[in-house]
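Chemist: Please read through the structure below; I'll follow up with questions.
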Amino acid sequence: MKITILKKQQEVVGFLEANKIDFKQMDIAGDEDNRKWMRENVPGEKKPQNGIPLPPQIFNEEQYCGDFESFFSAKEENIIYSFLGLAPPPGTKV
C-alpha cells in the first residue's frame, strides 16, 4: 500500500518537530515560485522519469538532502543528522 504525499509530509514534519530540528515548510501546491524552485533544485538523477519530483523533497537551505524514501532510510539507520547536513546534538549518534 502506498503512503500518500500528505502522510509522508506529516511523518517528516512530526520527526523534525519531535527532535527539535528547525525547519520551514514550503507550500508547493499554492505557490508557483516554490514549486518551480523545488523542481529546479532536485538533482536530475533524483527526478522520476516524468521529470516532476513529488513532495516531500528535503533541503537544508539550498542543499538537496533527499526524498521521503531516503529520509526514511536515514532515520531507520540512525544517520538522520548527516542526511540533513546537520551536526548531531551532544550525546546523539550521527
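Labels used: A, B, ... for chains in the order of the C-alpha cells, numbers from 1 for residues in each chain, and numbers from 1 for ligands as shown.
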For Leu84 in chain A, find every residue with an atom within 7 Å (counting only C-alpha atoms), except residues of its own chain fewer than 2 positions away, and show them as a ChimeraX atom specification.
Modeler: /A:60,65,80-82,86
Chemist: Neighbouring residues of Gln9 in chain A were defined as those with any atom within 12 Å, considering only C-alpha atoms; residues of the same chain fewer than 2 positions away were excluded. Please report them as a list of chain:residue names.
Modeler: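 Listing them by chain and then by number gives A:Ile3, A:Thr4, A:Ile5, A:Leu6, A:Lys7, A:Glu11, A:Val12, A:Val13, A:Gly14, A:Phe15, A:Leu16, A:Gln25, A:Met26, A:Asp27, A:Leu54, A:Pro55, A:Pro56, A:Gln57, A:Ile58, A:Asp67, A:Phe68, A:Glu69, A:Phe71, A:Phe72.
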Chemist: Of the candidates A:Asn19, A:Asn34, A:Pro43, A:Pro53, which shows the shortest atom-to-atom distance to Pro89 in chain A, using only C-alpha atoms?
Modeler: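 Smallest separation from Pro89 in chain A among the options: A:Asn19.
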Chemist: Measuring atom to atom with only C-alpha atoms, identify which of A:Glu61, A:Gly66, A:Lys75, A:Phe83 is nearest to Phe23 in chain A.
Modeler: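 Smallest separation from Phe23 in chain A among the options: A:Glu61.
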Chemist: As a ChimeraX atom specification, please: all residues of chain A that backbone DSSP puts in alpha helix (DSSP H).
Modeler: /A:5-18,32-41,68-76,80-84
Chemist: Would you put the residues from that selection into a file with C-alpha atoms, as a PDB file, in the first residue's frame?
Modeler:
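In the end it all went to selection_32.pdb:
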```pdb
ATOM      1  CA  ILE A   5       2.022  12.529  -0.012  1.00  0.00           C
ATOM      2  CA  LEU A   6       0.271  14.122   2.964  1.00  0.00           C
ATOM      3  CA  LYS A   7       1.155  11.189   5.245  1.00  0.00           C
ATOM      4  CA  LYS A   8       4.786  11.374   4.124  1.00  0.00           C
ATOM      5  CA  GLN A   9       4.870  15.114   4.798  1.00  0.00           C
ATOM      6  CA  GLN A  10       3.307  14.600   8.225  1.00  0.00           C
ATOM      7  CA  GLU A  11       5.876  11.930   9.081  1.00  0.00           C
ATOM      8  CA  VAL A  12       8.797  14.188   8.132  1.00  0.00           C
ATOM      9  CA  VAL A  13       7.361  17.220   9.962  1.00  0.00           C
ATOM     10  CA  GLY A  14       6.474  15.138  13.022  1.00  0.00           C
ATOM     11  CA  PHE A  15      10.004  13.748  13.222  1.00  0.00           C
ATOM     12  CA  LEU A  16      11.614  17.167  12.835  1.00  0.00           C
ATOM     13  CA  GLU A  17       9.338  18.677  15.485  1.00  0.00           C
ATOM     14  CA  ALA A  18       9.859  15.782  17.922  1.00  0.00           C
ATOM     15  CA  GLU A  32       4.211  28.508  -8.150  1.00  0.00           C
ATOM     16  CA  ASP A  33       7.605  30.025  -7.206  1.00  0.00           C
ATOM     17  CA  ASN A  34       8.173  27.351  -4.541  1.00  0.00           C
ATOM     18  CA  ARG A  35       7.093  24.586  -6.932  1.00  0.00           C
ATOM     19  CA  LYS A  36       9.435  25.885  -9.637  1.00  0.00           C
ATOM     20  CA  TRP A  37      12.325  26.202  -7.135  1.00  0.00           C
ATOM     21  CA  MET A  38      11.844  22.603  -5.912  1.00  0.00           C
ATOM     22  CA  ARG A  39      11.702  21.206  -9.445  1.00  0.00           C
ATOM     23  CA  GLU A  40      14.845  23.099 -10.450  1.00  0.00           C
ATOM     24  CA  ASN A  41      16.824  22.121  -7.344  1.00  0.00           C
ATOM     25  CA  PHE A  68      10.958  10.723   1.546  1.00  0.00           C
ATOM     26  CA  GLU A  69      12.451   7.289   0.876  1.00  0.00           C
ATOM     27  CA  SER A  70      15.992   8.469   1.572  1.00  0.00           C
ATOM     28  CA  PHE A  71      14.781  10.378   4.660  1.00  0.00           C
ATOM     29  CA  PHE A  72      13.065   7.230   5.930  1.00  0.00           C
ATOM     30  CA  SER A  73      16.183   5.117   5.311  1.00  0.00           C
ATOM     31  CA  ALA A  74      18.419   7.638   7.106  1.00  0.00           C
ATOM     32  CA  LYS A  75      16.009   7.672  10.039  1.00  0.00           C
ATOM     33  CA  GLU A  76      15.970   3.863  10.220  1.00  0.00           C
ATOM     34  CA  ILE A  80      19.448  11.405  10.080  1.00  0.00           C
ATOM     35  CA  TYR A  81      21.696  14.278  11.149  1.00  0.00           C
ATOM     36  CA  SER A  82      24.293  13.539   8.472  1.00  0.00           C
ATOM     37  CA  PHE A  83      21.451  13.083   5.954  1.00  0.00           C
ATOM     38  CA  LEU A  84      20.175  16.555   6.880  1.00  0.00           C
TER      39      LEU A  84
END
```
Chemist: Using only C-alpha atoms, which residue out of A:Gly30, A:Pro90, A:Asp22, A:Val42 lies closest to Glu62 in chain A?
Modeler: A:Val42
Chemist: Can you list, as a VMD selection string, all residues belonging to range 26-73 of chain A that DSSP tags as strand (DSSP E)?
Modeler: chain A and resid 57 to 60 63 to 67
